[in-house]
$ cat final20.cif   # mmCIF, C-alpha atoms and all ligand atoms
data_coords
#
loop_
_atom_site.label_atom_id
_atom_site.label_comp_id
_atom_site.auth_asym_id
_atom_site.auth_seq_id
_atom_site.Cartn_x
_atom_site.Cartn_y
_atom_site.Cartn_z
CA MET A 101 16.50 5.85 1.73
CA GLN A 102 16.71 2.77 3.87
CA GLN A 103 14.23 0.13 2.83
CA ASP A 104 14.06 -3.61 3.09
CA LEU A 105 14.01 -4.61 -0.54
CA PHE A 106 15.22 -8.15 -0.83
CA LEU A 107 13.13 -10.88 0.67
CA GLN A 108 15.98 -13.23 1.55
CA GLN A 109 19.03 -11.06 1.95
CA ASP A 110 19.33 -7.46 2.91
CA ASP A 111 22.45 -6.35 1.16
CA ALA A 112 21.00 -3.79 -1.20
CA SER A 113 22.75 -0.47 -1.13
CA SER A 114 20.41 2.42 -0.57
CA GLY A 115 19.48 4.98 -3.15
CA GLY A 116 17.99 8.34 -2.44
CA CYS A 117 14.97 10.40 -3.22
CA SER A 118 15.32 12.80 -6.08
CA PRO A 119 13.38 16.00 -5.70
CA GLU A 120 10.98 16.67 -8.51
CA ASP A 121 11.63 19.79 -10.47
CA CYS A 122 8.77 21.32 -12.33
CA ALA A 123 10.81 22.70 -15.21
CA SER A 124 9.25 20.26 -17.66
CA GLY A 125 5.75 21.29 -16.71
CA ASP A 126 5.00 17.72 -15.62
CA CYS A 127 4.36 18.64 -11.99
CA ALA A 128 2.50 16.55 -9.48
CA SER A 129 0.36 19.65 -8.98
CA ASP A 130 -0.99 19.12 -12.49
CA GLU A 131 -2.78 16.05 -11.24
CA GLY A 132 -6.34 16.00 -12.46
CA ILE A 133 -5.49 18.23 -15.40
CA ASN A 134 -2.61 16.28 -16.82
CA LYS A 135 -1.78 13.31 -14.62
CA THR A 136 1.80 12.13 -14.44
CA PRO A 137 3.69 9.43 -12.61
CA ASP A 138 5.39 10.41 -9.39
CA PHE A 139 8.92 10.99 -10.67
CA SER A 140 10.13 11.74 -7.14
CA ALA A 141 8.88 8.40 -5.79
CA PRO A 142 11.24 6.58 -3.39
CA LYS A 143 14.13 5.29 -5.49
CA VAL A 144 15.72 2.10 -4.25
CA GLN A 145 19.01 0.86 -5.65
CA VAL A 146 18.65 -2.81 -6.49
CA SER A 147 22.13 -3.34 -7.88
CA ASP A 148 24.99 -1.36 -9.47
CA ALA A 149 22.92 -0.28 -12.44
CA ALA A 150 19.32 -1.00 -11.44
CA TRP A 151 16.80 1.22 -9.72
CA LEU A 152 13.31 0.66 -8.42
CA PHE A 153 10.86 3.56 -8.10
CA LYS A 154 8.24 2.38 -5.66
CA ALA A 155 4.59 2.97 -6.53
CA ALA A 156 5.51 5.76 -8.96
CA LEU A 157 2.74 4.89 -11.42
CA LYS A 158 -0.15 4.96 -8.97
CA PRO A 159 -1.38 8.40 -10.18
CA VAL A 160 -1.65 7.12 -13.77
CA ALA A 161 -2.48 3.46 -13.26
CA LEU A 162 -6.09 3.67 -14.43
CA ASP A 163 -5.08 5.53 -17.57
CA LEU A 164 -2.38 2.99 -18.31
CA LEU A 165 -4.86 0.15 -17.94
CA GLN A 166 -7.39 1.82 -20.23
CA GLN A 167 -4.70 2.26 -22.86
CA ILE A 168 -3.62 -1.36 -22.46
CA GLU A 169 -7.23 -2.40 -22.98
CA ALA A 170 -7.48 -0.30 -26.14
CA ILE A 171 -4.24 -1.81 -27.51
CA ALA A 172 -5.43 -5.35 -26.73
CA LYS A 173 -8.63 -4.75 -28.72
CA VAL A 174 -6.52 -4.43 -31.87
CA THR A 175 -3.66 -6.80 -31.06
CA PRO A 176 -5.06 -9.18 -28.44
CA PHE A 177 -3.04 -10.80 -25.68
CA ARG A 178 -1.79 -14.20 -26.79
CA GLN A 179 0.11 -16.96 -25.07
CA ARG A 180 3.04 -17.58 -27.37
CA ARG A 181 5.19 -20.64 -27.84
CA THR A 182 8.92 -20.73 -27.39
CA PRO A 183 10.90 -21.95 -30.42
CA GLY A 184 11.02 -25.30 -28.59
CA GLY A 185 7.22 -25.49 -28.57
CA GLN A 186 6.55 -24.67 -24.90
CA LEU A 187 3.47 -22.53 -24.29
CA MET A 188 4.43 -19.48 -22.23
CA SER A 189 2.17 -18.87 -19.26
CA ALA A 190 2.12 -15.08 -19.54
CA ALA A 191 -0.05 -13.66 -22.33
CA MET A 192 1.57 -10.94 -24.44
CA THR A 193 0.93 -8.11 -26.82
CA ASN A 194 3.05 -5.13 -27.88
CA CYS A 195 2.95 -1.55 -29.00
CA GLY A 196 5.58 0.55 -30.70
CA ARG A 197 7.35 0.23 -34.05
CA CYS A 198 8.51 -3.25 -33.10
CA GLY A 199 7.20 -5.92 -30.80
CA TRP A 200 8.81 -8.93 -29.17
CA VAL A 201 7.41 -12.24 -30.36
CA THR A 202 8.26 -15.91 -30.20
CA ASP A 203 7.05 -18.89 -32.23
CA GLN A 204 8.58 -21.77 -34.16
CA ASP A 205 10.64 -19.21 -36.10
CA GLY A 206 12.43 -18.03 -32.95
CA TYR A 207 12.58 -15.18 -30.48
CA ARG A 208 12.70 -11.82 -32.25
CA TYR A 209 11.40 -8.31 -32.70
CA SER A 210 8.83 -7.97 -35.44
CA GLU A 211 7.10 -4.94 -36.95
CA SER A 212 3.87 -6.87 -37.21
CA GLU A 213 1.95 -9.53 -35.41
CA PRO A 214 2.96 -12.86 -36.97
CA GLU A 215 -0.56 -14.35 -36.94
CA THR A 216 -2.39 -11.46 -38.58
CA GLY A 217 0.31 -9.38 -40.24
CA GLU A 218 -1.15 -6.36 -38.42
CA ASN A 219 1.34 -3.69 -37.44
CA TRP A 220 1.53 -2.95 -33.75
CA LEU A 221 -0.20 0.21 -32.59
CA ALA A 222 2.07 3.17 -31.94
CA MET A 223 3.45 3.56 -28.47
CA PRO A 224 1.35 6.19 -26.69
CA ASP A 225 3.38 9.45 -26.55
CA GLN A 226 3.00 9.69 -22.80
CA TRP A 227 4.33 6.18 -22.26
CA LEU A 228 7.41 7.04 -24.30
CA ARG A 229 7.99 10.28 -22.40
CA TRP A 230 7.52 8.56 -19.04
CA ALA A 231 9.88 5.70 -19.89
CA THR A 232 12.50 8.23 -21.02
CA ARG A 233 12.04 10.27 -17.87
CA PHE A 234 12.47 7.25 -15.57
CA SER A 235 15.59 6.27 -17.49
CA GLU A 236 16.96 9.76 -16.84
CA GLN A 237 15.96 9.61 -13.16
CA ALA A 238 17.92 6.36 -12.90
CA GLY A 239 21.00 8.00 -14.39
CA PHE A 240 20.87 6.44 -17.84
CA GLY A 241 21.03 8.94 -20.64
CA ALA A 242 18.40 9.67 -23.21
CA PHE A 243 16.45 6.50 -23.87
CA VAL A 244 14.15 6.26 -26.86
CA PRO A 245 12.47 2.87 -26.79
CA ASP A 246 10.93 1.59 -30.03
CA ALA A 247 9.22 -1.45 -28.52
CA CYS A 248 6.92 -2.01 -25.58
CA LEU A 249 6.17 -5.60 -24.62
CA ILE A 250 3.02 -5.94 -22.53
CA ASN A 251 2.87 -9.08 -20.40
CA ARG A 252 -0.30 -10.19 -18.64
CA TYR A 253 -0.07 -12.72 -15.83
CA ALA A 254 -3.04 -14.63 -14.43
CA PRO A 255 -2.77 -16.61 -11.17
CA GLY A 256 -0.34 -19.49 -11.71
CA ALA A 257 1.54 -17.73 -14.54
CA GLY A 258 5.23 -16.90 -14.15
CA MET A 259 8.41 -16.49 -16.13
CA GLY A 260 11.48 -18.66 -15.71
CA LEU A 261 14.98 -17.26 -15.35
CA HIS A 262 16.12 -15.85 -18.69
CA GLN A 263 18.20 -13.07 -20.22
CA ASP A 264 16.83 -10.38 -22.54
CA ARG A 265 19.25 -10.74 -25.43
CA ASP A 266 17.24 -10.19 -28.59
CA GLU A 267 17.93 -6.45 -28.70
CA SER A 268 20.55 -5.18 -31.13
CA ASP A 269 21.91 -2.46 -28.83
CA LEU A 270 22.61 -3.94 -25.43
CA SER A 271 23.92 -0.59 -24.18
CA ALA A 272 20.35 0.74 -23.98
CA PRO A 273 18.59 0.28 -20.63
CA ILE A 274 15.18 -1.34 -20.17
CA VAL A 275 12.36 0.29 -18.23
CA SER A 276 9.56 -1.81 -16.76
CA PHE A 277 6.17 -0.81 -15.33
CA SER A 278 4.26 -3.17 -13.02
CA LEU A 279 0.52 -2.92 -12.46
CA GLY A 280 -1.95 -4.97 -10.44
CA ALA A 281 -1.25 -8.10 -8.46
CA PRO A 282 2.17 -8.31 -6.78
CA VAL A 283 4.74 -10.90 -7.74
CA ILE A 284 8.09 -12.10 -6.44
CA PHE A 285 10.75 -10.97 -8.90
CA ARG A 286 13.95 -13.03 -9.19
CA TRP A 287 17.17 -11.12 -9.71
CA GLY A 288 19.86 -13.54 -10.81
CA GLY A 289 23.47 -13.41 -11.86
CA PHE A 290 25.11 -13.75 -15.24
CA LYS A 291 24.84 -17.52 -15.39
CA ARG A 292 21.57 -19.38 -15.04
CA GLN A 293 22.98 -21.53 -12.22
CA GLU A 294 23.86 -18.57 -10.00
CA SER A 295 21.45 -18.07 -7.13
CA ALA A 296 18.82 -15.39 -7.55
CA ARG A 297 17.80 -12.79 -5.00
CA GLU A 298 14.11 -12.05 -4.64
CA PHE A 299 12.06 -8.95 -4.09
CA LEU A 300 8.46 -7.91 -4.60
CA LEU A 301 7.27 -6.03 -7.65
CA GLU A 302 4.04 -4.31 -6.72
CA HIS A 303 1.38 -2.15 -8.29
CA GLY A 304 2.84 1.05 -9.67
CA ASP A 305 6.50 0.04 -9.41
CA VAL A 306 9.00 1.09 -12.07
CA LEU A 307 12.23 -0.85 -12.49
CA VAL A 308 15.04 0.55 -14.65
CA TRP A 309 18.24 -1.32 -15.34
CA GLY A 310 21.04 -1.33 -17.83
CA GLY A 311 24.81 -1.10 -18.00
CA THR A 312 26.52 -3.83 -16.05
CA ASP A 313 23.17 -5.33 -14.98
CA ARG A 314 21.70 -5.50 -18.46
CA MET A 315 22.47 -9.18 -19.05
CA ARG A 316 21.38 -10.54 -15.70
CA PHE A 317 19.18 -13.60 -15.54
CA HIS A 318 15.79 -12.64 -14.16
CA GLY A 319 12.27 -13.96 -13.91
CA VAL A 320 9.08 -13.87 -11.88
CA LYS A 321 7.64 -16.55 -9.62
CA LYS A 322 4.16 -17.89 -10.26
CA LEU A 323 1.49 -15.34 -9.45
CA GLN A 324 -0.50 -16.11 -6.35
CA ARG A 325 -4.25 -15.47 -6.41
CA TYR A 326 -4.81 -11.86 -5.41
CA GLN A 327 -7.73 -9.51 -5.88
CA HIS A 328 -6.56 -6.11 -7.01
CA PRO A 329 -9.01 -3.20 -6.98
CA ILE A 330 -8.33 -2.20 -10.58
CA THR A 331 -6.81 -5.23 -12.36
CA ASP A 332 -8.94 -8.03 -10.85
CA HIS A 333 -6.59 -11.01 -10.39
CA PHE A 334 -4.17 -10.00 -13.15
CA ARG A 335 -0.72 -8.51 -13.15
CA TYR A 336 0.47 -6.44 -16.11
CA ASN A 337 4.08 -5.66 -16.89
CA LEU A 338 5.21 -3.24 -19.59
CA THR A 339 8.83 -3.39 -20.70
CA PHE A 340 10.16 -0.54 -22.81
CA ARG A 341 13.05 -1.61 -24.98
CA ARG A 342 15.23 -0.48 -27.82
CA SER A 343 14.96 -3.33 -30.32
C1 LIG A 401 16.56 -7.21 -14.93
N1 LIG A 401 9.41 -9.53 -17.75
O1 LIG A 401 9.33 -9.49 -20.41
S1 LIG A 401 10.23 -7.09 -15.94
C2 LIG A 401 10.40 -9.86 -19.88
O2 LIG A 401 7.67 -8.91 -14.80
C3 LIG A 401 10.48 -9.93 -18.40
O3 LIG A 401 7.01 -9.43 -16.79
C4 LIG A 401 9.30 -9.64 -16.31
O4 LIG A 401 11.45 -10.34 -17.89
C5 LIG A 401 7.89 -9.28 -15.93
O5 LIG A 401 11.42 -10.15 -20.51
C6 LIG A 401 10.29 -8.82 -15.60
C7 LIG A 401 11.70 -6.53 -15.18
C8 LIG A 401 12.98 -6.95 -15.84
C9 LIG A 401 13.06 -7.28 -17.16
C10 LIG A 401 14.29 -7.57 -17.74
C11 LIG A 401 15.48 -7.55 -17.01
C12 LIG A 401 14.15 -6.91 -15.10
C13 LIG A 401 15.39 -7.23 -15.67
C14 LIG A 401 16.74 -7.83 -17.57
C15 LIG A 401 17.89 -7.78 -16.81
C16 LIG A 401 17.79 -7.49 -15.49
FE FE A 402 13.06 -10.46 -19.35
#
$ encode --input "final20.cif" --output "structure tokens"
Amino acid sequence: MQQDLFLQQDDASSGGCSPEDCASGDCASDEGINKTPDFSAPKVQVSDAAWLFKAALKPVALDLLQQIEAIAKVTPFRQRRTPGGQLMSAAMTNCGRCGWVTDQDGYRYSESEPETGENWLAMPDQWLRWATRFSEQAGFGAFVPDACLINRYAPGAGMGLHQDRDESDLSAPIVSFSLGAPVIFRWGGFKRQESAREFLLEHGDVLVWGGTDRMRFHGVKKLQRYQHPITDHFRYNLTFRRS
């Protein structure tokens, strides 16, 4: 499908829509009984090995937010410090066997919350199935994430260009879910200095990348103030990873 994706340049190759098959029983027609994401949402190719499914989570957004709220009651969102002592502007929690954390002891995956020693709550089964399904839709094989980092951005929060390199198996893709306020995502190269392209990540978007794009620098610009009907002024981002 032809779609203007990048904000500055328009050199993205186009992907295509994949027709939903109902073999799994997860049909859109189940909506109301057993809601599912829209797995046949417009699929836009961002790069060689990165795909964006626009607004695919809209049918399940409220459920996702309720589950995020329930997780945050047990392991609350916290602004963490980088090993260098800088307070990160996004607040974070996790679910799954492992969670990504950072403090004076470094960036790492941990089976428990460092402050309380509490284990992370299990990843909801549906989240796991959906992340796996989007990975398949993007052409990556079976993906079984064991960690889900949940980032919460308030107006003014952002994330500088960085690489995700704390995972032991860099051949696994990463799947990300965006909910709430939109943000400008920065898609960089393989060196921090390389210029980054920019595109919007909006409510309900799913981004899947791996392979040759796995080690790209990426980040998000500071959130602008925005009133979203179901997340207030926040943006939430879930990243499913294999630690
Ligand atoms: C492309 N989060 O938690 S998600 C992170 O919106 C992180 O909260 C951002 O970067 C957020 O580490 C971006 C999308 C994303 C994540 C990692 C990538 C895209 C990526 C790694 C390589 C290439
Ligand atoms: Fe990242």
$ closest_residue --input "final20.cif" --among "A:Val306, A:Leu157, A:Val320, A:Ile274" --to "A:Thr339" --atoms "all atoms listed in the file"
A:Ile274
$ residues_around --input "final20.cif" --residues "stretch 167-182 of chain A" --least-positions-apart "2" --cutoff "6 Å" --atoms "all atoms listed in the file" --output "PyMOL selection string"
chain A and resi 164-165+184-188+191-193+202-203
$ closest_atom_pairs --input "final20.cif" --of "chain A" --to "ligand LIG 401 (chain A)" --cutoff "7 Å" --atoms "all atoms listed in the file" --output "Markdown table"
| residue | atom | partner | partner_atom | distance |
| --- | --- | --- | --- | --- |
| A:Leu249 | CA | A:LIG401 | O1 | 6.5 |
| A:Asn251 | CA | A:LIG401 | O3 | 5.5 |
| A:Met259 | CA | A:LIG401 | C4 | 6.9 |
| A:Gln263 | CA | A:LIG401 | C14 | 6.1 |
| A:Asp264 | CA | A:LIG401 | C14 | 5.6 |
| A:Ile274 | CA | A:LIG401 | C10 | 6.7 |
| A:Ser276 | CA | A:LIG401 | S1 | 5.4 |
| A:Ser278 | CA | A:LIG401 | O2 | 6.9 |
| A:Phe285 | CA | A:LIG401 | O2 | 7.0 |
| A:Trp287 | CA | A:LIG401 | C1 | 6.6 |
| A:Leu307 | CA | A:LIG401 | C7 | 6.3 |
| A:Trp309 | CA | A:LIG401 | C1 | 6.1 |
| A:Asp313 | CA | A:LIG401 | C16 | 5.8 |
| A:Arg314 | CA | A:LIG401 | C15 | 4.7 |
| A:Met315 | CA | A:LIG401 | C15 | 5.3 |
| A:Arg316 | CA | A:LIG401 | C15 | 4.6 |
| A:Phe317 | CA | A:LIG401 | C15 | 6.1 |
| A:His318 | CA | A:LIG401 | C1 | 5.5 |
| A:Gly319 | CA | A:LIG401 | O4 | 5.4 |
| A:Val320 | CA | A:LIG401 | O2 | 5.9 |
| A:Asn337 | CA | A:LIG401 | O3 | 4.8 |
| A:Thr339 | CA | A:LIG401 | O1 | 6.1 |
$ closest_residue --input "final20.cif" --among "A:Ile330, A:Ala257, A:Leu323, A:Val275" --to "ligand FE 402 (chain A)" --atoms "all atoms listed in the file"
A:Val275
$ residues_around --input "final20.cif" --residues "A:Ala254" --least-positions-apart "5" --cutoff "12 Å" --atoms "all atoms listed in the file" --output "JSON, numbers by chain"
{"A": [177, 179, 188, 189, 190, 191, 192, 259, 280, 281, 282, 283, 321, 322, 323, 324, 325, 326, 327, 328, 331, 332, 333, 334, 335, 336, 337]}
$ decode --input "final20.cif" --residues "stretch 155-194 of chain A" --atoms "N, CA and C atoms" --output "JSON list (two decimals), in the first residue's frame"
[["chain", "number", "residue", "atom", "x", "y", "z"],
["A", 155, "ALA", "N", -2.58, 1.20, 13.43],
["A", 155, "ALA", "CA", -3.82, 1.19, 14.22],
["A", 155, "ALA", "C", -4.36, -0.21, 14.53],
["A", 156, "ALA", "N", -3.50, -1.22, 14.45],
["A", 156, "ALA", "CA", -3.96, -2.60, 14.58],
["A", 156, "ALA", "C", -4.53, -2.93, 15.97],
["A", 157, "LEU", "N", -4.11, -2.15, 16.98],
["A", 157, "LEU", "CA", -4.53, -2.48, 18.35],
["A", 157, "LEU", "C", -5.80, -1.78, 18.78],
["A", 158, "LYS", "N", -6.35, -0.95, 17.90],
["A", 158, "LYS", "CA", -7.52, -0.17, 18.33],
["A", 158, "LYS", "C", -8.63, -1.04, 18.92],
["A", 159, "PRO", "N", -8.93, -2.23, 18.35],
["A", 159, "PRO", "CA", -10.03, -3.03, 18.93],
["A", 159, "PRO", "C", -9.75, -3.50, 20.36],
["A", 160, "VAL", "N", -8.49, -3.53, 20.78],
["A", 160, "VAL", "CA", -8.16, -4.09, 22.09],
["A", 160, "VAL", "C", -7.49, -3.06, 23.01],
["A", 161, "ALA", "N", -7.50, -1.81, 22.59],
["A", 161, "ALA", "CA", -6.75, -0.79, 23.34],
["A", 161, "ALA", "C", -7.22, -0.64, 24.78],
["A", 162, "LEU", "N", -8.53, -0.63, 24.98],
["A", 162, "LEU", "CA", -9.03, -0.46, 26.35],
["A", 162, "LEU", "C", -8.62, -1.63, 27.24],
["A", 163, "ASP", "N", -8.69, -2.82, 26.69],
["A", 163, "ASP", "CA", -8.29, -4.01, 27.46],
["A", 163, "ASP", "C", -6.81, -3.95, 27.80],
["A", 164, "LEU", "N", -6.01, -3.56, 26.83],
["A", 164, "LEU", "CA", -4.57, -3.44, 27.08],
["A", 164, "LEU", "C", -4.32, -2.44, 28.22],
["A", 165, "LEU", "N", -5.00, -1.32, 28.18],
["A", 165, "LEU", "CA", -4.78, -0.29, 29.20],
["A", 165, "LEU", "C", -5.23, -0.77, 30.58],
["A", 166, "GLN", "N", -6.32, -1.51, 30.63],
["A", 166, "GLN", "CA", -6.77, -2.05, 31.92],
["A", 166, "GLN", "C", -5.74, -3.02, 32.47],
["A", 167, "GLN", "N", -5.17, -3.83, 31.58],
["A", 167, "GLN", "CA", -4.16, -4.79, 32.05],
["A", 167, "GLN", "C", -2.88, -4.07, 32.49],
["A", 168, "ILE", "N", -2.53, -3.01, 31.78],
["A", 168, "ILE", "CA", -1.36, -2.22, 32.18],
["A", 168, "ILE", "C", -1.59, -1.64, 33.58],
["A", 169, "GLU", "N", -2.80, -1.14, 33.79],
["A", 169, "GLU", "CA", -3.14, -0.56, 35.10],
["A", 169, "GLU", "C", -3.01, -1.62, 36.20],
["A", 170, "ALA", "N", -3.49, -2.82, 35.91],
["A", 170, "ALA", "CA", -3.43, -3.90, 36.91],
["A", 170, "ALA", "C", -1.97, -4.27, 37.21],
["A", 171, "ILE", "N", -1.14, -4.32, 36.18],
["A", 171, "ILE", "CA", 0.28, -4.63, 36.37],
["A", 171, "ILE", "C", 0.95, -3.55, 37.21],
["A", 172, "ALA", "N", 0.61, -2.28, 36.91],
["A", 172, "ALA", "CA", 1.26, -1.15, 37.59],
["A", 172, "ALA", "C", 0.83, -1.03, 39.05],
["A", 173, "LYS", "N", -0.27, -1.70, 39.42],
["A", 173, "LYS", "CA", -0.67, -1.72, 40.84],
["A", 173, "LYS", "C", 0.31, -2.55, 41.65],
["A", 174, "VAL", "N", 0.87, -3.58, 41.03],
["A", 174, "VAL", "CA", 1.79, -4.48, 41.73],
["A", 174, "VAL", "C", 3.24, -4.02, 41.57],
["A", 175, "THR", "N", 3.61, -3.69, 40.35],
["A", 175, "THR", "CA", 4.97, -3.18, 40.09],
["A", 175, "THR", "C", 4.81, -1.81, 39.43],
["A", 176, "PRO", "N", 4.77, -0.76, 40.25],
["A", 176, "PRO", "CA", 4.44, 0.58, 39.76],
["A", 176, "PRO", "C", 5.45, 1.12, 38.75],
["A", 177, "PHE", "N", 4.96, 2.00, 37.90],
["A", 177, "PHE", "CA", 5.85, 2.73, 36.99],
["A", 177, "PHE", "C", 6.87, 3.50, 37.82],
["A", 178, "ARG", "N", 8.11, 3.46, 37.40],
["A", 178, "ARG", "CA", 9.19, 4.21, 38.05],
["A", 178, "ARG", "C", 10.04, 4.87, 36.99],
["A", 179, "GLN", "N", 10.53, 6.05, 37.30],
["A", 179, "GLN", "CA", 11.57, 6.64, 36.46],
["A", 179, "GLN", "C", 12.89, 6.10, 36.97],
["A", 180, "ARG", "N", 13.61, 5.42, 36.10],
["A", 180, "ARG", "CA", 14.86, 4.80, 36.51],
["A", 180, "ARG", "C", 16.06, 5.68, 36.14],
["A", 181, "ARG", "N", 17.18, 5.38, 36.76],
["A", 181, "ARG", "CA", 18.41, 6.10, 36.44],
["A", 181, "ARG", "C", 19.32, 5.25, 35.57],
["A", 182, "THR", "N", 19.97, 5.91, 34.64],
["A", 182, "THR", "CA", 20.97, 5.22, 33.84],
["A", 182, "THR", "C", 22.16, 4.91, 34.77],
["A", 183, "PRO", "N", 23.04, 3.99, 34.34],
["A", 183, "PRO", "CA", 24.21, 3.70, 35.18],
["A", 183, "PRO", "C", 25.02, 4.97, 35.48],
["A", 184, "GLY", "N", 24.93, 5.96, 34.58],
["A", 184, "GLY", "CA", 25.64, 7.23, 34.79],
["A", 184, "GLY", "C", 24.92, 8.19, 35.73],
["A", 185, "GLY", "N", 23.72, 7.80, 36.19],
["A", 185, "GLY", "CA", 23.02, 8.62, 37.18],
["A", 185, "GLY", "C", 21.94, 9.54, 36.62],
["A", 186, "GLN", "N", 21.75, 9.51, 35.29],
["A", 186, "GLN", "CA", 20.73, 10.37, 34.68],
["A", 186, "GLN", "C", 19.34, 9.78, 34.89],
["A", 187, "LEU", "N", 18.40, 10.61, 35.35],
["A", 187, "LEU", "CA", 17.02, 10.14, 35.49],
["A", 187, "LEU", "C", 16.39, 10.05, 34.11],
["A", 188, "MET", "N", 15.82, 8.90, 33.78],
["A", 188, "MET", "CA", 15.15, 8.76, 32.49],
["A", 188, "MET", "C", 13.78, 9.45, 32.56],
["A", 189, "SER", "N", 13.35, 10.03, 31.47],
["A", 189, "SER", "CA", 12.09, 10.79, 31.54],
["A", 189, "SER", "C", 10.88, 9.89, 31.40],
["A", 190, "ALA", "N", 11.01, 8.76, 30.71],
["A", 190, "ALA", "CA", 9.89, 7.82, 30.63],
["A", 190, "ALA", "C", 9.86, 7.01, 31.93],
["A", 191, "ALA", "N", 8.66, 6.71, 32.41],
["A", 191, "ALA", "CA", 8.50, 5.84, 33.57],
["A", 191, "ALA", "C", 8.29, 4.41, 33.06],
["A", 192, "MET", "N", 8.80, 3.43, 33.80],
["A", 192, "MET", "CA", 8.80, 2.06, 33.29],
["A", 192, "MET", "C", 8.33, 1.05, 34.32],
["A", 193, "THR", "N", 7.69, 0.00, 33.81],
["A", 193, "THR", "CA", 7.50, -1.23, 34.56],
["A", 193, "THR", "C", 7.65, -2.37, 33.57],
["A", 194, "ASN", "N", 7.44, -3.60, 34.01],
["A", 194, "ASN", "CA", 7.62, -4.75, 33.13],
["A", 194, "ASN", "C", 6.62, -5.83, 33.49]]
